[in-house]
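Just below is one structure, and these are the notes that go with it.
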Amino acid sequence: MVLMFVSAGLAGCLSSEESTSSQVEAIFDFDPDKNIRTDMEIQFDGGASLPANGGLTYKWDFDSDGAYDETGRTTTWSYSNAGTYDVKLTVSDGTDSSSQSRTLRVIDADAQEPLADAGSYSPNSDCDGDSVNSGQYYIVYICEMDKSTSSKSVLATTSVTLDASDSEACEDDDEPCDDYISEYSWDLDLNRDEDGDGDSENDADMSGETVEWKELEPGEYKIALTVTNGAGLSAKDQVIVYINYVGRWTEFSIGGNTSNNPVDIDFSFPVTQNLDSGNTIKRAAGELVYPKEDSDCTDVVPGDGNNCRAKIDLYGFNSTDEQAANTSATPVEQRSYGECDEDTDCVWLQFTGSYHFAESQWKDGEWTMTVRNEMVNDLEIESLTIRLLYK
């Protein structure tokens with residue numbers, strides 16, 4: 001009785017159209033896979049089916065009527081009428097079989113494609129009040145111009161409004177257009193294919209004509225907009241979003257070297273130099289401004305002035321605490337330039353993305369800008385500015 005029951009169960013599985021063995025699996029692709037028009041020749045390929053030893057038979061049903069229309073690993077088909085069609089491939093090794101069905105949409109031959117426009121944005125001025133060049137990109141500045149030394153890290157994020165309102169339902173302005181845009185899809189990571197359709201640039205990470213992209217760190221982001229009109233035709237547009245950062249700490253002091261060890265104040269900041277994703281920093285810079293002579297300076301020997309001329313330096317360390325550069329070799333008489341007045345020194349330490357943050361050099365990650373005092377006196381600092389520029 002038990003043996004008869006088990007045999008009956010297996011017989012039911014064997015009668016199924018689907019595979020009874022994991023070794024046989026129907027898999028197919030077709031080209032084009034979107035914007036398919038009536039009477040357009042479509043290439044179907046079942047070569048990805050398993051096993052890939054040439055021992056399979058291939059049967060195709062293109063109109064869901066249960067009858068096979070074509071055979072062979074590859075074949076072509078076209079549809080004379082617009083509509084949605086289910087295509088079914090059945091493969092067999094002579095013992096087991098497997099089927100896969102996929103849906104495609106066919107649109108009228110004279111339907112117009114849409115025009116995708118991912119938009120652009122540039123502010124009137126940057127964090128310093130200087131004018132900003134505009135272009136076919138988004139550029140946003142995070143400005144923290146009065147930071148407290150209670151936080152010595154660059155952690156700020158921002159939001160960007162992405163606007164696709166200049167997209168059109170029909171690409172050809174010379175032809176009348178009664179269509180509409182039915183879908184706006186924003187792909188925010190062009191290196192990841194989230195929906196598994198083979199196109200890494202059409203995932204719907206966000207949807208809508210105008211969307212707000214939140215919690216963006218300083219960086220360079222390549223994104224894509226895909227619009228689909230009522231006819232089912234789609235179009236794509238790529239755009240870059242640049243997030244620049246400027247942070248400034250003002251009016252603080254640094255202790256003196258009283259134990260034969262320099263005094264450091266560390267400020268951390270993130271940098272990204274990822275050639276695969278295209279997120280590449282252009283420049284990172286530290287700008288230190290301090291009085292040439294401290295207001296409460298005390299000479300080692302009263303009146304000789306030897307200990308009153310201030311000298312404070314910037315040091316840059318990568319994410320593994322390797323020193324990339326410093327300003328200690330710059331003589332004090334060469335520190336008054338740019339916007340410095342006669343009573344202050346200005347020290348600049350700059351790193352470029354194509355060199356300092358490259359994989360072959362000091363690499364990207366969490367870097368440190370260190371303010372260092374090797375003098376005995378504690379010293380005043382007018383400001384430290386850290387700039388992270390991706391555009």
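We name chains A, B, ... following the order of the structure tokens; residues begin at 1 in each chain, and ligands are numbered from 1 as shown.
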Go through region 212-234 of chain A residue by residue and, counting only C-alpha atoms, keep those with an atom at most 12 Å from region 171-174 of chain A; for each kept residue give the shortest atom pair and its distance in Å to one decimal, ordered by chain and increasing number, as a tab-separated table.
```
residue	atom	partner	partner_atom	distance
A:Val227	CA	A:Glu171	CA	11.5
A:Thr228	CA	A:Glu171	CA	11.8
A:Asn229	CA	A:Glu171	CA	10.6
A:Leu233	CA	A:Glu171	CA	10.7
A:Ser234	CA	A:Glu171	CA	10.6
```
Show me, as a PyMOL selection string, the residues that have an atom within 9 Å of region 38-49 of chain A when counting only C-alpha atoms, minus same-chain residues fewer than 5 positions from it.
chain A and resi 24-33+56+58+72-82+89+91+106-110
Writing out the chosen residues with N, CA and C atoms as an mmCIF file, in the first residue's frame:
```cif
data_model
loop_
_atom_site.group_PDB
_atom_site.id
_atom_site.type_symbol
_atom_site.label_atom_id
_atom_site.label_comp_id
_atom_site.auth_asym_id
_atom_site.auth_seq_id
_atom_site.Cartn_x
_atom_site.Cartn_y
_atom_site.Cartn_z
ATOM 1 N N VAL A 24 17.670 19.974 -15.775
ATOM 2 C CA VAL A 24 17.053 20.544 -16.968
ATOM 3 C C VAL A 24 16.331 21.824 -16.571
ATOM 4 N N GLU A 25 16.712 22.923 -17.212
ATOM 5 C CA GLU A 25 16.091 24.212 -16.892
ATOM 6 C C GLU A 25 16.018 25.073 -18.149
ATOM 7 N N ALA A 26 14.835 25.562 -18.459
ATOM 8 C CA ALA A 26 14.626 26.431 -19.618
ATOM 9 C C ALA A 26 14.935 27.874 -19.239
ATOM 10 N N ILE A 27 15.812 28.503 -20.007
ATOM 11 C CA ILE A 27 16.183 29.904 -19.792
ATOM 12 C C ILE A 27 16.349 30.549 -21.160
ATOM 13 N N PHE A 28 15.706 31.680 -21.373
ATOM 14 C CA PHE A 28 15.879 32.341 -22.668
ATOM 15 C C PHE A 28 15.875 33.855 -22.518
ATOM 16 N N ASP A 29 16.452 34.506 -23.519
ATOM 17 C CA ASP A 29 16.469 35.967 -23.632
ATOM 18 C C ASP A 29 15.942 36.356 -25.000
ATOM 19 N N PHE A 30 15.574 37.647 -25.128
ATOM 20 C CA PHE A 30 15.151 38.133 -26.441
ATOM 21 C C PHE A 30 15.650 39.557 -26.653
ATOM 22 N N ASP A 31 15.878 39.883 -27.907
ATOM 23 C CA ASP A 31 16.445 41.171 -28.289
ATOM 24 C C ASP A 31 15.739 41.692 -29.546
ATOM 25 N N PRO A 32 15.215 42.934 -29.497
ATOM 26 C CA PRO A 32 15.235 43.856 -28.352
ATOM 27 C C PRO A 32 14.308 43.384 -27.241
ATOM 28 N N ASP A 33 14.607 43.837 -26.015
ATOM 29 C CA ASP A 33 13.780 43.456 -24.880
ATOM 30 C C ASP A 33 12.877 44.587 -24.409
ATOM 31 N N LEU A 56 19.644 19.153 -25.787
ATOM 32 C CA LEU A 56 18.280 19.597 -25.535
ATOM 33 C C LEU A 56 17.525 19.845 -26.836
ATOM 34 N N TYR A 58 14.300 22.318 -28.246
ATOM 35 C CA TYR A 58 13.722 23.616 -27.894
ATOM 36 C C TYR A 58 12.428 23.805 -28.673
ATOM 37 N N GLY A 72 14.152 24.956 -32.135
ATOM 38 C CA GLY A 72 15.543 25.359 -32.273
ATOM 39 C C GLY A 72 16.007 26.244 -31.136
ATOM 40 N N ARG A 73 17.313 26.214 -30.872
ATOM 41 C CA ARG A 73 17.877 27.012 -29.767
ATOM 42 C C ARG A 73 17.662 28.497 -29.986
ATOM 43 N N THR A 74 17.818 28.976 -31.234
ATOM 44 C CA THR A 74 17.551 30.375 -31.562
ATOM 45 C C THR A 74 16.491 30.435 -32.646
ATOM 46 N N THR A 75 15.708 31.490 -32.619
ATOM 47 C CA THR A 75 14.681 31.687 -33.630
ATOM 48 C C THR A 75 14.263 33.140 -33.634
ATOM 49 N N THR A 76 13.457 33.536 -34.582
ATOM 50 C CA THR A 76 12.935 34.903 -34.664
ATOM 51 C C THR A 76 11.423 34.859 -34.756
ATOM 52 N N TRP A 77 10.812 35.978 -34.344
ATOM 53 C CA TRP A 77 9.352 36.097 -34.408
ATOM 54 C C TRP A 77 8.994 37.570 -34.463
ATOM 55 N N SER A 78 7.837 37.867 -34.999
ATOM 56 C CA SER A 78 7.339 39.243 -35.004
ATOM 57 C C SER A 78 5.837 39.216 -34.783
ATOM 58 N N TYR A 79 5.315 40.342 -34.340
ATOM 59 C CA TYR A 79 3.888 40.465 -34.054
ATOM 60 C C TYR A 79 3.305 41.585 -34.906
ATOM 61 N N SER A 80 2.210 41.312 -35.569
ATOM 62 C CA SER A 80 1.587 42.308 -36.436
ATOM 63 C C SER A 80 0.645 43.228 -35.687
ATOM 64 N N ASN A 81 0.239 42.834 -34.479
ATOM 65 C CA ASN A 81 -0.698 43.644 -33.691
ATOM 66 C C ASN A 81 -0.057 44.043 -32.364
ATOM 67 N N ALA A 82 -0.345 45.254 -31.939
ATOM 68 C CA ALA A 82 0.139 45.724 -30.637
ATOM 69 C C ALA A 82 -0.566 44.969 -29.521
ATOM 70 N N LEU A 89 9.090 28.991 -23.650
ATOM 71 C CA LEU A 89 10.092 28.065 -24.161
ATOM 72 C C LEU A 89 10.039 26.789 -23.331
ATOM 73 N N VAL A 91 12.083 23.136 -22.973
ATOM 74 C CA VAL A 91 13.262 22.355 -23.356
ATOM 75 C C VAL A 91 13.133 20.951 -22.777
ATOM 76 N N VAL A 106 4.263 44.736 -27.137
ATOM 77 C CA VAL A 106 4.451 45.209 -28.504
ATOM 78 C C VAL A 106 3.626 46.473 -28.690
ATOM 79 N N ILE A 107 4.244 47.515 -29.250
ATOM 80 C CA ILE A 107 3.537 48.780 -29.447
ATOM 81 C C ILE A 107 3.451 49.078 -30.944
ATOM 82 N N ASP A 108 2.593 50.019 -31.276
ATOM 83 C CA ASP A 108 2.383 50.365 -32.686
ATOM 84 C C ASP A 108 3.673 50.865 -33.317
ATOM 85 N N ALA A 109 3.818 50.570 -34.592
ATOM 86 C CA ALA A 109 5.052 50.922 -35.295
ATOM 87 C C ALA A 109 5.263 52.428 -35.363
ATOM 88 N N ASP A 110 4.179 53.198 -35.376
ATOM 89 C CA ASP A 110 4.320 54.644 -35.511
ATOM 90 C C ASP A 110 4.290 55.372 -34.164
#
```
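Taking CA of Ser185 (chain A) and CA of Tyr245 (chain A) as endpoints, the distance between them is 28.0 Å.
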Identify, on the basis of only C-alpha atoms, every residue whose closest approach to Leu314 (chain A) does not exceed 12 Å; exclude the query and any residue fewer than 2 positions from it along the same chain; express the result as JSON, numbers by chain.
{"A": [263, 264, 265, 266, 267, 285, 286, 287, 288, 289, 290, 311, 312, 316, 317, 323, 324, 325, 326, 327, 328, 329, 330, 346, 347, 348, 349, 350, 368, 369, 370, 371, 372, 373, 374, 384, 385, 386]}
Would you write out those residues with C-alpha atoms, as a PDB file, in the first residue's frame?
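Generated output (result_23.pdb):
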```pdb
ATOM      1  CA  VAL A 263      50.411  68.982  20.581  1.00  0.00           C
ATOM      2  CA  ASP A 264      47.928  67.739  17.958  1.00  0.00           C
ATOM      3  CA  ILE A 265      44.271  68.443  17.283  1.00  0.00           C
ATOM      4  CA  ASP A 266      42.795  65.936  14.825  1.00  0.00           C
ATOM      5  CA  PHE A 267      39.945  66.636  12.420  1.00  0.00           C
ATOM      6  CA  ALA A 285      42.229  70.954   1.249  1.00  0.00           C
ATOM      7  CA  GLY A 286      42.946  72.254   4.709  1.00  0.00           C
ATOM      8  CA  GLU A 287      43.343  75.995   5.255  1.00  0.00           C
ATOM      9  CA  LEU A 288      44.769  77.194   8.574  1.00  0.00           C
ATOM     10  CA  VAL A 289      44.826  80.845   9.637  1.00  0.00           C
ATOM     11  CA  TYR A 290      46.436  81.969  12.907  1.00  0.00           C
ATOM     12  CA  LYS A 311      54.347  78.554  13.856  1.00  0.00           C
ATOM     13  CA  ILE A 312      51.503  76.047  13.542  1.00  0.00           C
ATOM     14  CA  GLY A 316      47.541  64.950   6.538  1.00  0.00           C
ATOM     15  CA  PHE A 317      47.115  61.251   7.390  1.00  0.00           C
ATOM     16  CA  GLN A 323      51.450  60.635   6.757  1.00  0.00           C
ATOM     17  CA  ALA A 324      50.780  61.895   3.244  1.00  0.00           C
ATOM     18  CA  ALA A 325      52.106  65.459   3.561  1.00  0.00           C
ATOM     19  CA  ASN A 326      52.652  68.372   5.957  1.00  0.00           C
ATOM     20  CA  THR A 327      53.487  72.080   5.908  1.00  0.00           C
ATOM     21  CA  SER A 328      56.355  72.075   8.411  1.00  0.00           C
ATOM     22  CA  ALA A 329      58.997  72.877   5.757  1.00  0.00           C
ATOM     23  CA  THR A 330      57.305  76.165   4.805  1.00  0.00           C
ATOM     24  CA  CYS A 346      47.936  81.243   6.212  1.00  0.00           C
ATOM     25  CA  VAL A 347      48.910  77.597   5.791  1.00  0.00           C
ATOM     26  CA  TRP A 348      47.414  75.448   3.052  1.00  0.00           C
ATOM     27  CA  LEU A 349      47.639  71.662   2.692  1.00  0.00           C
ATOM     28  CA  GLN A 350      46.029  70.290  -0.462  1.00  0.00           C
ATOM     29  CA  THR A 368      42.718  63.108   9.218  1.00  0.00           C
ATOM     30  CA  MET A 369      43.755  66.745   9.041  1.00  0.00           C
ATOM     31  CA  THR A 370      45.956  67.401  12.076  1.00  0.00           C
ATOM     32  CA  VAL A 371      46.765  70.843  13.485  1.00  0.00           C
ATOM     33  CA  ARG A 372      50.159  70.580  15.195  1.00  0.00           C
ATOM     34  CA  ASN A 373      51.973  72.941  17.606  1.00  0.00           C
ATOM     35  CA  GLU A 374      55.609  72.185  18.411  1.00  0.00           C
ATOM     36  CA  LEU A 384      40.636  75.927  10.152  1.00  0.00           C
ATOM     37  CA  THR A 385      38.716  75.231   6.949  1.00  0.00           C
ATOM     38  CA  ILE A 386      38.337  71.827   5.329  1.00  0.00           C
TER      39      ILE A 386
END
```
Sel. of strand (DSSP E or B) residues, region 39-269 of chain A, as number ranges by chain:
A: 42-45, 50, 57-61, 70-71, 74-77, 83-92, 97-107, 115, 121, 125, 131, 138-147, 153, 158-163, 168, 181-187, 206-207, 210-216, 219-229, 234-254, 263-269
Nearby residues (only C-alpha atoms) at most 9 Å from Gly55 (chain A), same-chain spacing under 2 positions excluded, as number ranges by chain
A: 51-53, 57, 92-94
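Near region 249-257 of chain A, within 7 Å and counting only C-alpha atoms, sit Asp146, Lys147, Ser148, Thr149, Val263, Asn373, Glu374, Met375, Val376, Asn377, Asp378, Leu379, Glu380, Ile381, Glu382, Ser383, Leu384 and Thr385 of chain A, not including residues fewer than 6 positions from it in the same chain.
Residues with any atom within 8 Å of Lys236 (chain A), counting only C-alpha atoms and excluding same-chain neighbours fewer than 3 positions away, are Leu115, Ala116, Asp117, Ala224, Leu225, Thr226 and Val227 of chain A.
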Got a sec: who's within 8 Å of Asp294 (chain A), counting only C-alpha atoms, leaving out chain neighbours fewer than 3 positions off, as number ranges by chain?
A: 291, 297, 308-310, 379-380
